[in-house]
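Presented below is the structure to which this report refers.
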Amino acid sequence: MDKEHYKQMVVTILDDLAYYEKLKGEPSKSDRMKYNKLIVEFQYCLTDKEIDYLQNFEVKTSNFYGLPKVHKSKHISELCKKATTEYVEVTNVTDLKLRPIVAGPACQTHRLSNVLDILLRPLTKYVPSYLRDSTDFLNSLPEKITARTILASFDVESLYSNIPHVLGLEALQYWLNLYPEEIPKSFDKEFIMEAAKLILLNTTFYFNGKYYRQIKGTAMGTKFAPVYATLVIGYLENKLYNDVSSTFGEEFKDYFKDHWKRFLDDIFILWTRSTKDLEILEKLLNSLNENLNLRWRKATLNYPSWMFL
């Protein structure tokens, strides 16, 4: 990419005051003070080894970069179709978007984030839609389907960036209260909640000579972000199941709950009703939270004919 064009694209992202704020100076000292205060406050539920792990490491400032979403650019796609060589050169692409990444493998909260990832991950098994990986997805597909079945896929636009802190913390509290036995007894639930809040409110980073803080959503690059996002959407899905029951009936709700599958922000369902009903479902999805937008795509199922009922 053209360097100046890339920098301008990133600056455009960081100038969005709904998501980021520019800091007056280097934030490491204040970040460290908040972090140490948390450890001291909850040292009663931490072992000496855990405290040592959480405190004794070299801290480095996180860097921000934008990962180009090349696969979503129509302009690049058209150029690739017309290409006669393996290399296609494009300098400035007007429809190219960047995925914001905060790279902080040694940031102030990276070890705390790792601890939360370990503690919260067991809760994901209670999310009915949860998919571990592509193999898990394939195993969830039935052996036979009807010829009119649609494989519908949805994606949540910029999921990590658009989770409001209030919603995210509410979701964590919900799962912790529902399945307290999944958390080791030595760990206080309040510690988990305050640690999550500290991570979310103190995502600071550097780009092009300036320091910033992310004020909405969670950073892609934070260790506990995938589990956090999974539990947040799982929390909203519990409301969705009730909405599906009210709209399509209790019988279809049971089918829906069994066949609605999700890996982070990518959602799949074998839809057996009309396209119009699928559009109604899309409206239900987008009414769950004003910050989260979902779009559906119809895919072709390449099952052999003998698999159709």
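Each chain in the structure tokens gets a letter, A, B and so on, in the order shown; residues start at 1 in every chain, and ligands are counted from 1 in the order they appear.
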
**Study point:** Spatial neighbours of Leu200 in chain A, 9 Å, only C-alpha atoms, chain gap at least 6 places, as a list in words
**Key:** His165, Gln214, Ile215, Lys216, Gly217, Thr218 and Ala219 of chain A

Practice item. List every residue of range 119-168 of chain A that DSSP, applied to the backbone of this structure, assigns to helix (DSSP H, G or I), and report them as a PyMOL selection string. Key: chain A and resi 119-126+134-140+159-162+165-168

With a cut-off of 12 Å, could you pull out the residues of range 95-143 of chain A touching range 42-63 of chain A and give me the nearest pair of atoms for each, distance in Å to one decimal, using only C-alpha atoms, ordered by chain and ascending number, as a tab-separated table?
```
residue	atom	partner	partner_atom	distance
A:Pro100	CA	A:Asn63	CA	10.8
A:Ile101	CA	A:Asn63	CA	8.3
A:Val102	CA	A:Asn63	CA	5.9
A:Ala103	CA	A:Asn63	CA	5.2
A:Gly104	CA	A:Ser62	CA	4.2
A:Pro105	CA	A:Ser62	CA	7.5
A:Ala106	CA	A:Lys60	CA	5.3
A:Cys107	CA	A:Lys60	CA	5.2
A:Gln108	CA	A:Val59	CA	5.7
A:Thr109	CA	A:Leu54	CA	8.5
A:His110	CA	A:Leu54	CA	9.0
A:Arg111	CA	A:Leu54	CA	5.9
A:Leu112	CA	A:Leu54	CA	6.3
A:Ser113	CA	A:Leu54	CA	9.8
A:Asn114	CA	A:Leu54	CA	9.7
A:Val115	CA	A:Leu54	CA	8.8
A:Leu116	CA	A:Leu54	CA	11.6
```

Point to revise | Nearest candidate to Lys223 in chain A (options A:Leu120, A:Val127, A:Ile39, A:Ala18; using only C-alpha atoms) | key: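 Selected residue with least distance to Lys223 in chain A: A:Leu120.
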
Close residues, Glu41 in chain A itself excluded, 12 Å, only C-alpha atoms, min 5 positions apart in chain, as a PDB file with N, CA, C and O atoms, in the first residue's frame:
```pdb
ATOM      1  N   LYS A  34      -3.059   2.275  38.128  1.00  0.00           N
ATOM      2  CA  LYS A  34      -4.386   1.643  38.178  1.00  0.00           C
ATOM      3  C   LYS A  34      -4.258   0.129  38.296  1.00  0.00           C
ATOM      4  O   LYS A  34      -5.007  -0.526  39.033  1.00  0.00           O
ATOM      5  N   TYR A  35      -3.307  -0.414  37.553  1.00  0.00           N
ATOM      6  CA  TYR A  35      -3.092  -1.862  37.535  1.00  0.00           C
ATOM      7  C   TYR A  35      -2.641  -2.357  38.912  1.00  0.00           C
ATOM      8  O   TYR A  35      -3.192  -3.329  39.452  1.00  0.00           O
ATOM      9  N   ASN A  36      -1.647  -1.695  39.495  1.00  0.00           N
ATOM     10  CA  ASN A  36      -1.134  -2.105  40.801  1.00  0.00           C
ATOM     11  C   ASN A  36      -2.194  -1.962  41.885  1.00  0.00           C
ATOM     12  O   ASN A  36      -2.262  -2.773  42.824  1.00  0.00           O
ATOM     13  N   LEU A  46      -5.525 -14.020  45.504  1.00  0.00           N
ATOM     14  CA  LEU A  46      -4.456 -14.405  44.588  1.00  0.00           C
ATOM     15  C   LEU A  46      -3.315 -15.048  45.355  1.00  0.00           C
ATOM     16  O   LEU A  46      -2.967 -14.612  46.464  1.00  0.00           O
ATOM     17  N   ILE A  51       0.331 -13.472  41.826  1.00  0.00           N
ATOM     18  CA  ILE A  51       0.715 -12.064  41.948  1.00  0.00           C
ATOM     19  C   ILE A  51       2.026 -11.812  41.218  1.00  0.00           C
ATOM     20  O   ILE A  51       2.191 -10.811  40.510  1.00  0.00           O
ATOM     21  N   ASP A 188     -12.422 -14.436  43.388  1.00  0.00           N
ATOM     22  CA  ASP A 188     -13.612 -13.652  43.688  1.00  0.00           C
ATOM     23  C   ASP A 188     -14.248 -13.162  42.385  1.00  0.00           C
ATOM     24  O   ASP A 188     -13.548 -12.700  41.482  1.00  0.00           O
ATOM     25  N   GLU A 190     -15.946 -10.570  41.996  1.00  0.00           N
ATOM     26  CA  GLU A 190     -15.710  -9.125  41.911  1.00  0.00           C
ATOM     27  C   GLU A 190     -14.354  -8.833  41.283  1.00  0.00           C
ATOM     28  O   GLU A 190     -14.194  -7.864  40.547  1.00  0.00           O
ATOM     29  N   PHE A 191     -13.368  -9.703  41.568  1.00  0.00           N
ATOM     30  CA  PHE A 191     -12.044  -9.541  40.951  1.00  0.00           C
ATOM     31  C   PHE A 191     -12.151  -9.673  39.433  1.00  0.00           C
ATOM     32  O   PHE A 191     -11.567  -8.877  38.686  1.00  0.00           O
ATOM     33  N   GLU A 194     -13.892  -6.507  38.014  1.00  0.00           N
ATOM     34  CA  GLU A 194     -13.042  -5.316  38.073  1.00  0.00           C
ATOM     35  C   GLU A 194     -11.848  -5.448  37.130  1.00  0.00           C
ATOM     36  O   GLU A 194     -11.406  -4.449  36.546  1.00  0.00           O
ATOM     37  N   ALA A 195     -11.331  -6.664  36.980  1.00  0.00           N
ATOM     38  CA  ALA A 195     -10.222  -6.881  36.051  1.00  0.00           C
ATOM     39  C   ALA A 195     -10.672  -6.640  34.616  1.00  0.00           C
ATOM     40  O   ALA A 195      -9.966  -6.004  33.823  1.00  0.00           O
TER      41      ALA A 195
END
```

Check your understanding: Of the candidates A:Gly168, A:Gly234, A:Pro128, A:Pro226, which one gets nearest to Tyr255 in chain A if we count only C-alpha atoms?
Key ->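 Checking each candidate against Tyr255 in chain A, we get A:Pro128 as the closest.
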